[in-house]
file target-v1.csv (CSV, C-alpha atoms)
chain,number,residue,atom,x,y,z
A,915,MET,CA,-61.5,11.9,17.0
A,916,ALA,CA,-61.8,15.6,17.6
A,917,VAL,CA,-59.2,18.4,17.5
A,918,GLN,CA,-59.6,20.5,20.6
A,919,LYS,CA,-57.0,23.1,19.8
A,920,ASP,CA,-54.4,23.7,17.1
A,921,GLU,CA,-51.5,26.0,16.3
A,922,VAL,CA,-49.0,26.3,13.5
A,923,MET,CA,-45.5,27.5,13.7
A,924,SER,CA,-42.8,27.9,11.1
A,925,VAL,CA,-39.5,26.1,11.6
A,926,THR,CA,-36.7,27.4,9.4
A,927,SER,CA,-33.5,27.7,11.4
A,928,SER,CA,-31.7,25.8,14.1
A,929,ALA,CA,-32.7,28.4,16.6
A,930,ASP,CA,-36.4,27.5,15.9
A,931,ILE,CA,-35.6,23.9,17.0
A,932,VAL,CA,-35.3,25.3,20.6
A,933,LEU,CA,-38.7,27.1,20.2
A,934,VAL,CA,-40.2,23.8,19.0
A,935,ARG,CA,-39.0,22.0,22.1
A,936,GLN,CA,-40.4,24.8,24.3
A,937,ILE,CA,-43.8,24.9,22.7
A,938,VAL,CA,-44.1,21.1,22.5
A,939,ARG,CA,-43.1,20.8,26.2
A,940,LYS,CA,-45.8,23.4,27.1
A,941,TRP,CA,-48.5,21.5,25.2
A,942,SER,CA,-47.4,18.1,26.7
A,943,VAL,CA,-47.6,19.6,30.2
A,944,GLU,CA,-51.1,21.1,29.5
A,945,LEU,CA,-52.4,17.8,28.2
A,946,GLY,CA,-51.2,16.1,31.4
A,947,PHE,CA,-48.5,13.8,30.0
A,948,SER,CA,-46.1,12.2,32.5
A,949,LEU,CA,-42.6,13.5,32.7
A,950,ILE,CA,-41.3,10.5,30.8
A,951,ASP,CA,-43.8,10.9,28.1
A,952,GLN,CA,-43.2,14.7,27.9
A,953,THR,CA,-39.5,13.9,27.5
A,954,LYS,CA,-40.2,11.4,24.7
A,955,ILE,CA,-42.5,13.8,22.9
A,956,VAL,CA,-40.1,16.7,23.1
A,957,THR,CA,-37.2,14.6,22.0
A,958,ALA,CA,-39.1,13.2,19.0
A,959,ALA,CA,-40.2,16.7,18.0
A,960,SER,CA,-36.6,17.9,18.3
A,961,GLU,CA,-35.4,15.2,16.0
A,962,LEU,CA,-38.1,15.8,13.3
A,963,ALA,CA,-37.7,19.6,13.5
A,964,ARG,CA,-34.0,19.2,12.9
A,965,ASN,CA,-34.6,16.9,10.0
A,966,MET,CA,-36.9,19.4,8.5
A,967,VAL,CA,-34.4,22.2,8.9
A,968,ASP,CA,-31.4,20.2,7.7
A,969,TYR,CA,-32.9,18.2,4.9
A,970,GLY,CA,-36.2,19.8,4.0
A,971,GLY,CA,-35.1,23.4,3.9
A,972,GLY,CA,-37.4,24.3,6.8
A,973,GLY,CA,-41.1,24.0,7.0
A,974,LYS,CA,-44.1,24.1,9.3
A,975,LEU,CA,-45.1,22.3,12.5
A,976,ARG,CA,-48.8,21.9,13.4
A,977,LEU,CA,-49.7,21.0,16.9
A,978,GLU,CA,-53.1,19.5,17.7
A,979,ALA,CA,-54.6,18.5,21.0
A,980,LEU,CA,-56.8,15.5,20.3
A,981,SER,CA,-59.6,13.8,22.1
A,982,GLU,CA,-61.1,10.5,21.3
A,983,GLY,CA,-63.6,9.1,23.9
A,984,ILE,CA,-61.9,9.5,27.2
A,985,ARG,CA,-58.4,9.5,25.9
A,986,ARG,CA,-56.5,12.6,24.9
A,987,GLY,CA,-53.5,13.0,22.6
A,988,LEU,CA,-51.0,15.3,21.0
A,989,ARG,CA,-50.4,15.1,17.3
A,990,LEU,CA,-47.4,16.9,15.8
A,991,THR,CA,-47.3,17.3,12.0
A,992,PHE,CA,-44.1,18.4,10.3
A,993,GLU,CA,-44.5,19.5,6.7
A,994,ASP,CA,-41.8,20.8,4.3
A,995,THR,CA,-41.6,21.5,0.6
A,996,GLY,CA,-38.1,20.2,0.3
A,997,PRO,CA,-36.6,17.5,-1.9
A,998,GLY,CA,-38.6,14.6,-0.4
A,999,ILE,CA,-37.4,11.2,0.6
A,1000,PRO,CA,-36.9,8.8,-2.4
A,1001,ASP,CA,-36.8,5.6,-0.3
A,1002,ILE,CA,-38.8,5.8,2.9
A,1003,ASP,CA,-38.1,2.3,4.1
A,1004,LEU,CA,-34.4,3.0,3.8
A,1005,ALA,CA,-34.7,6.3,5.6
A,1006,LEU,CA,-36.5,4.6,8.5
A,1007,LYS,CA,-33.6,2.2,9.1
A,1008,ASP,CA,-31.6,2.8,12.2
A,1009,GLY,CA,-28.3,4.4,11.3
A,1010,TYR,CA,-29.1,5.4,7.8
A,1011,THR,CA,-28.3,9.0,7.0
A,1012,THR,CA,-27.6,11.1,4.0
A,1013,GLY,CA,-26.1,13.8,6.1
A,1014,ASN,CA,-23.6,13.7,8.9
A,1015,GLY,CA,-26.1,12.7,11.7
A,1016,LEU,CA,-26.5,9.4,13.4
A,1017,GLY,CA,-29.5,8.3,11.4
A,1018,LEU,CA,-31.7,8.0,14.4
A,1019,GLY,CA,-34.1,10.9,13.8
A,1020,LEU,CA,-36.9,9.1,11.9
A,1021,SER,CA,-36.6,5.6,13.4
A,1022,GLY,CA,-36.0,6.9,16.9
A,1023,SER,CA,-39.0,9.3,16.9
A,1024,LYS,CA,-41.2,6.5,15.6
A,1025,ARG,CA,-40.2,4.4,18.6
A,1026,LEU,CA,-40.8,7.3,21.0
A,1027,MET,CA,-44.4,7.9,19.9
A,1028,ASN,CA,-47.6,5.8,19.6
A,1029,GLU,CA,-48.4,6.6,16.0
A,1030,PHE,CA,-46.1,7.6,13.1
A,1031,GLU,CA,-47.2,8.5,9.6
A,1032,ILE,CA,-44.9,9.6,6.8
A,1033,TYR,CA,-45.8,10.8,3.4
A,1034,SER,CA,-43.2,12.0,1.0
A,1035,ARG,CA,-42.9,12.7,-2.7
A,1036,VAL,CA,-39.6,13.5,-4.4
A,1037,GLY,CA,-39.5,17.1,-5.5
A,1038,GLU,CA,-42.6,18.0,-3.6
A,1039,GLY,CA,-41.8,17.6,0.1
A,1040,THR,CA,-42.3,15.5,3.2
A,1041,ARG,CA,-45.1,15.3,5.8
A,1042,ILE,CA,-44.6,13.4,9.0
A,1043,ALA,CA,-47.3,13.2,11.7
A,1044,ILE,CA,-46.6,11.7,15.1
A,1045,THR,CA,-49.1,11.2,17.9
A,1046,LYS,CA,-48.8,10.3,21.5
A,1047,TRP,CA,-51.9,9.2,23.5
A,1048,ARG,CA,-52.4,9.2,27.2
B,596,MET,CA,-22.3,34.8,20.8
B,597,GLU,CA,-23.5,33.1,23.9
B,598,ARG,CA,-21.1,30.6,25.4
B,599,ILE,CA,-21.2,27.9,28.0
B,600,PRO,CA,-18.7,28.7,30.7
B,601,ILE,CA,-15.8,26.2,31.3
B,602,LEU,CA,-14.3,26.2,34.9
B,603,GLN,CA,-10.9,24.9,35.7
B,604,MET,CA,-10.4,23.1,39.0
B,605,GLY,CA,-6.8,21.8,39.3
B,606,GLU,CA,-6.2,19.4,36.4
B,607,PHE,CA,-9.9,19.1,35.6
B,608,LEU,CA,-12.3,21.2,33.6
B,609,LEU,CA,-15.9,21.5,34.7
B,610,VAL,CA,-18.9,22.4,32.5
B,611,THR,CA,-22.5,22.8,33.7
B,612,ILE,CA,-25.0,23.1,31.0
B,613,GLN,CA,-27.8,25.1,32.3
B,614,VAL,CA,-29.6,26.3,29.2
B,615,ASP,CA,-31.5,24.5,26.5
B,616,MET,CA,-28.7,24.0,24.1
B,617,HIS,CA,-29.3,25.1,20.6
B,618,ASP,CA,-27.1,23.5,17.9
B,619,ARG,CA,-24.6,26.3,17.5
B,620,LEU,CA,-24.1,26.6,21.2
B,621,ALA,CA,-23.3,22.8,21.4
B,622,MET,CA,-20.8,23.1,18.5
B,623,ALA,CA,-19.2,26.1,20.2
B,624,LEU,CA,-18.8,24.1,23.5
B,625,GLN,CA,-17.1,21.3,21.6
B,626,ASP,CA,-14.6,23.7,20.1
B,627,ASP,CA,-14.1,25.6,23.3
B,628,LEU,CA,-13.5,22.5,25.4
B,629,THR,CA,-10.9,21.0,23.0
B,630,ASN,CA,-9.1,24.3,23.0
B,631,ARG,CA,-9.1,24.5,26.7
B,632,ILE,CA,-7.9,20.9,27.2
B,633,SER,CA,-4.9,21.6,25.0
B,634,LYS,CA,-4.2,25.0,26.6
B,635,THR,CA,-4.4,23.8,30.2
B,636,SER,CA,-3.2,20.2,29.8
B,637,ALA,CA,-6.3,19.2,31.7
B,638,ARG,CA,-6.5,15.5,32.5
B,639,GLY,CA,-10.3,15.3,32.9
B,640,VAL,CA,-13.5,16.9,31.8
B,641,LEU,CA,-16.7,16.7,33.8
B,642,ILE,CA,-19.9,17.7,32.1
B,643,ASP,CA,-23.0,18.2,34.3
B,644,ILE,CA,-26.2,17.8,32.3
B,645,SER,CA,-28.6,17.7,35.3
B,646,SER,CA,-30.4,20.8,34.0
B,647,LEU,CA,-30.9,19.3,30.5
B,648,GLU,CA,-34.5,18.3,30.0
B,649,ILE,CA,-33.8,16.4,26.8
B,650,VAL,CA,-30.8,14.9,25.0
B,651,ASP,CA,-31.6,14.3,21.4
B,652,SER,CA,-29.4,12.6,18.8
B,653,PHE,CA,-27.6,15.8,18.0
B,654,ILE,CA,-26.6,16.6,21.6
B,655,GLY,CA,-25.8,13.0,22.1
B,656,ARG,CA,-23.5,13.1,19.1
B,657,ILE,CA,-21.8,16.2,20.4
B,658,LEU,CA,-21.2,14.6,23.8
B,659,GLY,CA,-19.7,11.6,22.1
B,660,THR,CA,-17.5,13.8,20.0
B,661,ILE,CA,-16.3,15.7,23.0
B,662,ALA,CA,-15.4,12.4,24.8
B,663,THR,CA,-13.5,11.1,21.8
B,664,MET,CA,-11.7,14.4,21.2
B,665,SER,CA,-10.7,14.8,24.8
B,666,GLN,CA,-9.4,11.2,24.9
B,667,ILE,CA,-7.2,11.9,21.9
B,668,LEU,CA,-5.9,14.9,23.9
B,669,ASP,CA,-5.2,12.6,26.8
B,670,ALA,CA,-8.1,13.7,29.0
B,671,GLN,CA,-11.0,11.6,30.3
B,672,THR,CA,-14.6,12.8,30.0
B,673,VAL,CA,-17.4,12.0,32.4
B,674,VAL,CA,-21.0,13.1,31.9
B,675,VAL,CA,-23.0,13.4,35.1
B,676,GLY,CA,-26.5,14.1,36.4
B,677,MET,CA,-28.6,12.7,33.5
B,678,GLN,CA,-32.3,12.9,34.5
B,679,PRO,CA,-34.0,9.4,34.6
B,680,ALA,CA,-36.6,10.5,32.0
B,681,VAL,CA,-33.7,11.6,29.7
B,682,ALA,CA,-32.0,8.2,30.1
B,683,ILE,CA,-35.1,6.3,29.3
B,684,THR,CA,-35.8,8.4,26.2
B,685,LEU,CA,-32.2,8.1,25.0
B,686,VAL,CA,-32.3,4.3,25.1
B,687,GLU,CA,-35.7,4.2,23.2
B,688,LEU,CA,-34.3,6.7,20.7
B,689,GLY,CA,-31.6,4.1,20.0
B,690,LEU,CA,-28.7,6.1,21.5
B,691,SER,CA,-26.7,4.3,24.1
B,692,LEU,CA,-23.7,6.6,24.2
B,693,PRO,CA,-21.2,3.7,24.3
B,694,LYS,CA,-18.1,5.9,24.3
B,695,ILE,CA,-19.3,8.1,27.1
B,696,ARG,CA,-18.5,7.5,30.8
B,697,THR,CA,-21.3,8.6,33.1
B,698,ALA,CA,-21.8,9.0,36.8
B,699,LEU,CA,-24.9,9.8,38.9
B,700,ASN,CA,-23.8,13.2,40.2
B,701,VAL,CA,-20.9,15.6,40.3
B,702,GLU,CA,-19.3,14.0,43.4
B,703,LYS,CA,-19.3,10.5,41.9
B,704,GLY,CA,-18.1,11.9,38.6
B,705,MET,CA,-15.1,13.6,40.3
B,706,GLU,CA,-14.2,10.4,42.1
B,707,LEU,CA,-14.3,8.5,38.8
B,708,LEU,CA,-12.1,11.1,37.2
B,709,ARG,CA,-9.6,11.2,40.0
B,710,ALA,CA,-9.4,7.4,40.1
B,711,SER,CA,-8.9,7.0,36.4
B,712,VAL,CA,-6.3,9.8,36.1
B,713,GLY,CA,-4.4,8.5,39.2
B,714,ARG,CA,-4.4,5.0,37.8
B,715,ARG,CA,-3.1,6.1,34.4
B,716,SER,CA,-0.4,8.2,36.1
B,717,LYS,CA,0.8,5.2,38.0
B,718,GLU,CA,0.8,3.0,34.9
B,719,SER,CA,3.0,5.4,33.0
B,720,GLY,CA,5.5,5.9,35.8
B,721,ASN,CA,5.0,9.5,37.0
B,722,GLY,CA,2.3,10.7,34.7
B,723,ARG,CA,2.5,13.1,31.9
B,724,ALA,CA,5.7,15.2,31.5
B,725,LYS,CA,5.3,18.7,33.0
B,726,ARG,CA,5.2,21.4,30.4

call {"tool": "encode", "arguments": {"input": "target-v1.csv", "output": "structure tokens"}}
result
Amino acid sequence: MAVQKDEVMSVTSSADIVLVRQIVRKWSVELGFSLIDQTKIVTAASELARNMVDYGGGGKLRLEALSEGIRRGLRLTFEDTGPGIPDIDLALKDGYTTGNGLGLGLSGSKRLMNEFEIYSRVGEGTRIAITKWR
Amino acid sequence: MERIPILQMGEFLLVTIQVDMHDRLAMALQDDLTNRISKTSARGVLIDISSLEIVDSFIGRILGTIATMSQILDAQTVVVGMQPAVAITLVELGLSLPKIRTALNVEKGMELLRASVGRRSKESGNGRAKR
């Protein structure tokens, strides 16, 4: 698997969430994703960006255009240095939230993408990578 | 601060969301709408989201809250014009918006509002007392 192109942006405020949606949309269009897949990717990115701002104290988003054989993909990695997630299995449950959201951010974005990886350590931060292939 | 305009048409309020809503704008819309409902005694709210390219769980929650709040203030809410890709994504995200009434477009949404307001007026005799 090769990374064709990458870019990093910082995500610290709720206004940045709109910028995340715009840049992820642009990359999804460039990679030739269908409208439905674009919508899924942008929605998943919006969920994870908001989680990072609300719970992780802000962080960074890395966008990577991937190629593997003939298939191409988009990987989005959200990384913060916030409090971390003590129980990842619980956090991935539909409807579980420690804030006042609906608790769909993690589980929902996992369903919207093809690959979902989460790494978190209490006191150090959280890294979530999501990938969509076409 | 930027605001989403709310238009009044008879006993209904109309909102067309034409920008990518950031979180504060969505919260402001929620406040503005509830204020306008109580000020104008509106019986229905129609929210056109045909320009929205995504609805994530936050915007979905705001729409649900608006519907619930307006119901408490005796007004019906109908959300119209959701793009098919948005609908597919919402369901996969796990958000089915159970409390929100929807219609395909503005015209059908207005029909729905008129019908439901008319029906409720009949049930309660001659509708809400004039203020």

call {"tool": "closest_atom_pairs", "arguments": {"input": "target-v1.csv", "of": "region 641-679 of chain B", "to": "region 609-628 of chain B", "cutoff": "8 Å", "atoms": "only C-alpha atoms", "output": "JSON lines"}}
result
{"residue": "B:Leu641", "atom": "CA", "partner": "B:Leu609", "partner_atom": "CA", "distance": 4.9}
{"residue": "B:Ile642", "atom": "CA", "partner": "B:Val610", "partner_atom": "CA", "distance": 4.8}
{"residue": "B:Asp643", "atom": "CA", "partner": "B:Thr611", "partner_atom": "CA", "distance": 4.7}
{"residue": "B:Ile644", "atom": "CA", "partner": "B:Ile612", "partner_atom": "CA", "distance": 5.6}
{"residue": "B:Ser645", "atom": "CA", "partner": "B:Ile612", "partner_atom": "CA", "distance": 7.8}
{"residue": "B:Ser646", "atom": "CA", "partner": "B:Gln613", "partner_atom": "CA", "distance": 5.3}
{"residue": "B:Leu647", "atom": "CA", "partner": "B:Asp615", "partner_atom": "CA", "distance": 6.6}
{"residue": "B:Glu648", "atom": "CA", "partner": "B:Asp615", "partner_atom": "CA", "distance": 7.7}
{"residue": "B:Phe653", "atom": "CA", "partner": "B:Asp618", "partner_atom": "CA", "distance": 7.7}
{"residue": "B:Ile654", "atom": "CA", "partner": "B:Ala621", "partner_atom": "CA", "distance": 7.0}
{"residue": "B:Ile657", "atom": "CA", "partner": "B:Ala621", "partner_atom": "CA", "distance": 6.8}
{"residue": "B:Thr660", "atom": "CA", "partner": "B:Gln625", "partner_atom": "CA", "distance": 7.7}
{"residue": "B:Ile661", "atom": "CA", "partner": "B:Gln625", "partner_atom": "CA", "distance": 5.8}

call {"tool": "interface_residues", "arguments": {"input": "target-v1.csv", "of": "chain B", "to": "chain A", "cutoff": "7 Å", "atoms": "all atoms listed in the file", "output": "list in words"}}
result
His617, Asp618, Ile649, Asp651, Ser652, Ala680, Val681, Thr684, Glu687, Leu688 and Gly689 of chain B

call {"tool": "atom_distance", "arguments": {"input": "target-v1.csv", "atom1": "CA of Val934 (chain A)", "atom2": "CA of Ile999 (chain A)"}}
result
22.5 Å

call {"tool": "atom_distance", "arguments": {"input": "target-v1.csv", "atom1": "CA of Ser711 (chain B)", "atom2": "CA of Ile683 (chain B)"}}
result
27.2 Å

call {"tool": "residues_around", "arguments": {"input": "target-v1.csv", "residues": "region 924-926 of chain A", "least_positions_apart": "5", "cutoff": "12 Å", "atoms": "all atoms listed in the file", "output": "ChimeraX atom specification"}}
result
/A:931-935,937,959-960,962-977,991-996

call {"tool": "residues_around", "arguments": {"input": "target-v1.csv", "residues": "Val640 (chain B)", "least_positions_apart": "4", "cutoff": "7 Å", "atoms": "only C-alpha atoms", "output": "number ranges by chain"}}
result
B: 607-609, 670-673

call {"tool": "closest_residue", "arguments": {"input": "target-v1.csv", "among": "A:Gly1037, A:Ile1032, A:Ala916, A:Trp941", "to": "Ala1005 (chain A)", "atoms": "all atoms listed in the file"}}
result
A:Ile1032

call {"tool": "atom_distance", "arguments": {"input": "target-v1.csv", "atom1": "CA of Arg986 (chain A)", "atom2": "CA of Lys1046 (chain A)"}}
result
8.7 Å

call {"tool": "closest_residue", "arguments": {"input": "target-v1.csv", "among": "A:Met1027, A:Val917, A:Leu980, A:Ile1042", "to": "Ile1002 (chain A)", "atoms": "all atoms listed in the file"}}
result
A:Ile1042

call {"tool": "residues_around", "arguments": {"input": "target-v1.csv", "residues": "region 636-638 of chain B", "least_positions_apart": "5", "cutoff": "12 Å", "atoms": "all atoms listed in the file", "output": "ChimeraX atom specification"}}
result
/B:601-609,628-631,665-673,705,708-716,722-726

call {"tool": "axis_aligned_box", "arguments": {"input": "target-v1.csv", "around": "region 700-710 of chain B", "padding_each_side": "6 Å", "output": "JSON"}}
result
{"center_x": -16.6, "center_y": 11.5, "center_z": 40.3, "size_x": 26.4, "size_y": 20.2, "size_z": 18.2}
